[in-house]
Every structure is written in C-alpha cells, then in structure tokens.
Amino acid sequence: MTAPEYRQAKWGYRLLFELPGSTDGPVMPEIQGVPERGLAPPGMERSSVPLPNLTRGQVVRHYVRLSQRNFGVDTGAYPLGSCTMKYNPKLNERVASLPGAADMHPLLPAEMSQGALQVMFELQELLKRVIGMDAVTLQPSAGAHGEFVGMLITRAYFADIGQPERNEVIVPDSAHGTNPASAAQAGFKVIEIPSDKQGMVDTKALKAALSERTAAFMLTNPNTLGIFEENVEEIARMVHDAGALLYYDGANLNAILGVTSPGAMGFDIAHLNTHKTFSTPHGGGGPGAGPVGVKAHLAKYLPVPLAAKRADGTFYLDSDRPKSIGRVRSYHGSFGVLLRAYTYIVLHGADGLTQNTRKAVLNANYVKDKLLVYFPHIVEDALMIQPPESDAQEELDRLVAALLQIAQEPAEAVQSAPHNLSVQRVDEVGAARSPVLRWQGEQR
C-alpha cells in the first residue's frame with residue numbers, strides 16, 4: 001500500500017500534494033525579469049516544483065480538517081504539569097493585532113513610539129507591585145532566560161561588592177531543571193540539597209550547604225511538588241545571614257498572585273512567566289516573556305534599556321546604567337507577548353487577579369483529592385497536574401474520570417495510546433533528532 005492509500009484508508013484524507021489536480025484552480029501569470037537559476041545556493045535548487053493545481057475550497061477544507069484534529073486549551077482541559085497554563089482570552093489577541101502594535105518597527109525613535117513605551121513602562125510598574133520588587137526588566141524571552149539573567153545579576157553584584165569568591169548556587173532537588181542549568185551557564189557551581197519528608201526544603205541540609213562561597217539559593221514557592229513552603233521566612237533569614245541572595249522561580253506564581261509576593265517573602269530576585277500567570281500563549285518554543293524583578297540594591301545591574309518616564313510625562317528607553325549587565329536580547333523584549341499580559345492585568349484588576357489565584361489553588365486541590373496522586377519526578381509512579389483557574393468543575397471532572405479509567409487499563413493499551421485520534425503516538429524524540437524538513441513523496 002502506498003503512503004497516500006494508507007492515509008486515505010486509515011484517516012480518510014490525503015495530503016495536498018496527493019489530491020487530484022483541478023482545472024478550476026488558479027492560473028498564475030508568468031513573472032517577467034526573474035532569473036530561472038542562481039537564486040538558491042549550489043545544490044539547493046530543484047529542477048521543478050510540483051505544486052498541485054487546487055481550488056480555493058480544497059485548500060481551505062484541508063487545513064480546517066487538520067485544525068479539527070488538534071487538541072489544545074480551546075478544545076479541552078490542558079493541565080500542563082507545573083506550568084499552570086491558562087486560557088488565552090481572545091481579547092488579548094485583538095489588542096496585540098491592532099496596527100499600532102503589530103506593525104510598529106522596533107527601531108522607530110522614541111517620539112514616534114510613545115504608546116508602546118507607555119505600555120512597557122506601565123507594565124514594569126504593574127509587575128513591580130505583583131512580585132513586590134523595586135525594579136523590573138521586560139527583556140528576557142522566557143522563564144529560563146529570566147533565571148539566567150537573575151544569575152548574571154547575582155554574579156555582577158558580588159563582583160561589584162568585592163566578593164567574587166561566592167561561586168556556588170544552591171537548589172533543592174524539587175527545582176525546575178532549568179534552575180541548575182541557568183546557574184551553571186552563568187558560571188556558578190551548583191549544590192543540590194534534598195527535600196524533607198513533607199516535600200519542602202530540608203532546612204538542616206540548607207544550613208549545612210550555606211557558606212561564604214554561597215551566592216544564591218533558588219526556590220520555587222509553591223514548589224515543583226505543588227506544596228507551599230512553610231519555612232520560607234526562616235529560609236530567607238538563613239540565606240541572608242550567610243550573605244547570599246534569595247532567588248524566586250516564578251513558574252508557580254499563579255498560586256500566590258494577589259495573596260502574597262516574592263518580595264513579601266524576602267526574595268531579592270524573581271522572574272515570572274507571562275504565558276503562565278497572565279495567559280499569553282507560549283508553546284512550541286515561543287515566543288514568550290520572562291520579566292525579572294529585583295530589590296533596590298540590585299536595580300543598577302538590570303539589563304539595558306529600561307522603559308522610563310520623564311518629568312514632562314514623555315517616555316524613553318533608559319540606557320544610561322553604567323553597572324548594567326548589558327543587553328540580553330535584541331530590541332526590547334517580546335512586545336506582542338508583553339502587550340497581551342498588560343491587557344490581561346488591566347482587564348482583571350487587582351481583585352480579579354486575586355480571585356483567579358484562589359480559584360487556581362482550589363482547582364489544584366480538587367483534582368488532587370479526586371486522584372490522590374500528583375507528585376512529579378522525584379516521587380516514583382507519580383503524576384503532576386496543576387489545573388489553572390480557567391477550567392470549570394465540569395472539565396476537571398471529565399479529566400479525573402479519564403485518568404481513573406486509564407489507571408484501570410492494561411499497560412499495552414496505555415503505551416499504544418491514543419486510540420481515537422487520527423494520528424497515533426508521535427515519535428517526538430525521533431522527529432527532533434532526525435527531522436524531515438521537506439516533502440519527500442512516498443514516505444510515511
């Protein structure tokens with residue numbers, strides 16, 4: 001059986017290249033003055049490109065059928081582990097697609113970019129209040145990038161105050177994998193400490209690991225086990241008494257937003273993920289945004305430029321910061337992503353954001369009590385689910401029922417799932433290691 005026959009028999013459709021040609025398709029005029037050869041690098045040119053001659057209806061229906069086979073937050077509950085991915089309001093997309101936002105060039109002078117600079121400045125101010133910090137940068141591209149920026153700030157701080165020997169960063173074993181990676185990439189030695197029997201930081205192990213070489217302790221609260229750290233104030237005191245900085249990983253900020261803040265807990269540096277806490281879609285590698293906030297004694301090291309406001313009410317990009325760690329990405333951050341987050345914050349207001357937090361925590365505990373299994377990789381045979389506030393009880397009940405049903409199925413059935421979709425389990429590892437980037441005919 002050929003690949004087209006296989007697809008037709010199994011899924012009821014063929015690829016566009018496999019559809020029969022149509023005499024009703026568009027007739028493309030010849031383009032004058034374009035050389036036939038020499039535009040592509042040697043070895044990359046094709047003698048012909050067999051594009052199918054299709055009607056508009058064939059093309060539209062093909063892609064609509066493909067879209068109907070996708071699963072995402074628009075079709076059902078999407079509990080993405082500790083990432084607390086939430087629904088993205090369509091209003092966010094409408095605002096981000098407005099011509100003044102979508103069509104603006106990043107190199108326009110400040111006098112022609114006052115609206116965008118005002119949004120950036122106001123978002124910085126809003127995020128300062130959200131995480132309890134004194135200054136915020138919008139530059140980092142995502143959470144892991146924010147962690148790296150935080151570690152660069154940490155390194156710059158200790159070099160500036162004459163303590164370059166502080167070259168160790170402590171992380172608990174429940175930390176996101178990006179925490180030790182970010183610290184190592186910034187040049188630090190990573191020290192891992194275990195969790196206690198309750199799944200929280202083992203304060204005795206932390207005390208033993210702290211020394212005059214410690215630069216920072218990186219912590220997520222609630223942690224990656226889904227547990228709120230009960231001893232966070234003691235941890236902050238221990239870290240600061242040792243002369244080190246306390247770093248907050250904002251992956252689970254959705255669980256404390258509006259109720260408390262990293263700054264109130266004693267953290268010196270914090271990043272947040274706009275795609276987790278403020279609904280911006282982030283998948284398949286981006287785009288994303290991971291703003292970083294710091295207390296006042298670290299503000300001078302933030303990346304340049306920062307959005308700033310003059311006394312006359314106009315806005316500009318401030319690059320006059322001699323002790324800055326420099327620029328950490330091109331231009332000024334993912335503006336469209338940040339604009340979506342700004343829209344979400346303004347739409348909900350302080351009370352709405354706090355209400356969302358309480359609902360998210362309620363949803364997580366509801367699913368936990370229904371399943372009684374929710375821990376991640378450091379607990380054997382476990383499952384990590386943190387549903388956001390945007391899922392209704394009906395959706396959560398459907399999810400719980402499906403998981404309970406799966407738990408009763410034989411291992412072979414689970415390992416060969418899915419069984420009711422048009423495409424079965426995708427070999428993502430194989431696709432990443434040996435990608436097929438162009439159409440190659442009869443392969444399947």
# chains A, B, ... in the order shown; residues from 1 in each chain; ligands from 1
call {"tool": "select_by_dssp", "arguments": {"residues": "segment 126-304 of chain A", "states": "alpha helix (DSSP H)", "output": "PyMOL selection string"}}
result
chain A and resi 126-131+143-160+178-185+203-209+232-241+262-265+274-277
call {"tool": "closest_atom_pairs", "arguments": {"of": "segment 256-347 of chain A", "to": "segment 134-152 of chain A", "cutoff": "6 Å", "atoms": "only C-alpha atoms", "output": "CSV"}}
result
residue,atom,partner,partner_atom,distance
A:His271,CA,A:Gly146,CA,5.7
A:Asn273,CA,A:Gly143,CA,5.5
A:Gly288,CA,A:Ala142,CA,5.0
A:Ala289,CA,A:Ala142,CA,4.3
A:Gly290,CA,A:Ala142,CA,4.0
A:Pro291,CA,A:Leu138,CA,4.5
A:Val292,CA,A:Thr137,CA,5.4
A:Gly293,CA,A:Val136,CA,4.2
A:Val294,CA,A:Ala135,CA,5.6
A:Lys295,CA,A:Asp134,CA,4.9
A:Ala296,CA,A:Asp134,CA,5.3
A:Ala299,CA,A:Ala135,CA,5.9
A:His332,CA,A:Gln139,CA,5.5
A:Gly333,CA,A:Gln139,CA,4.1
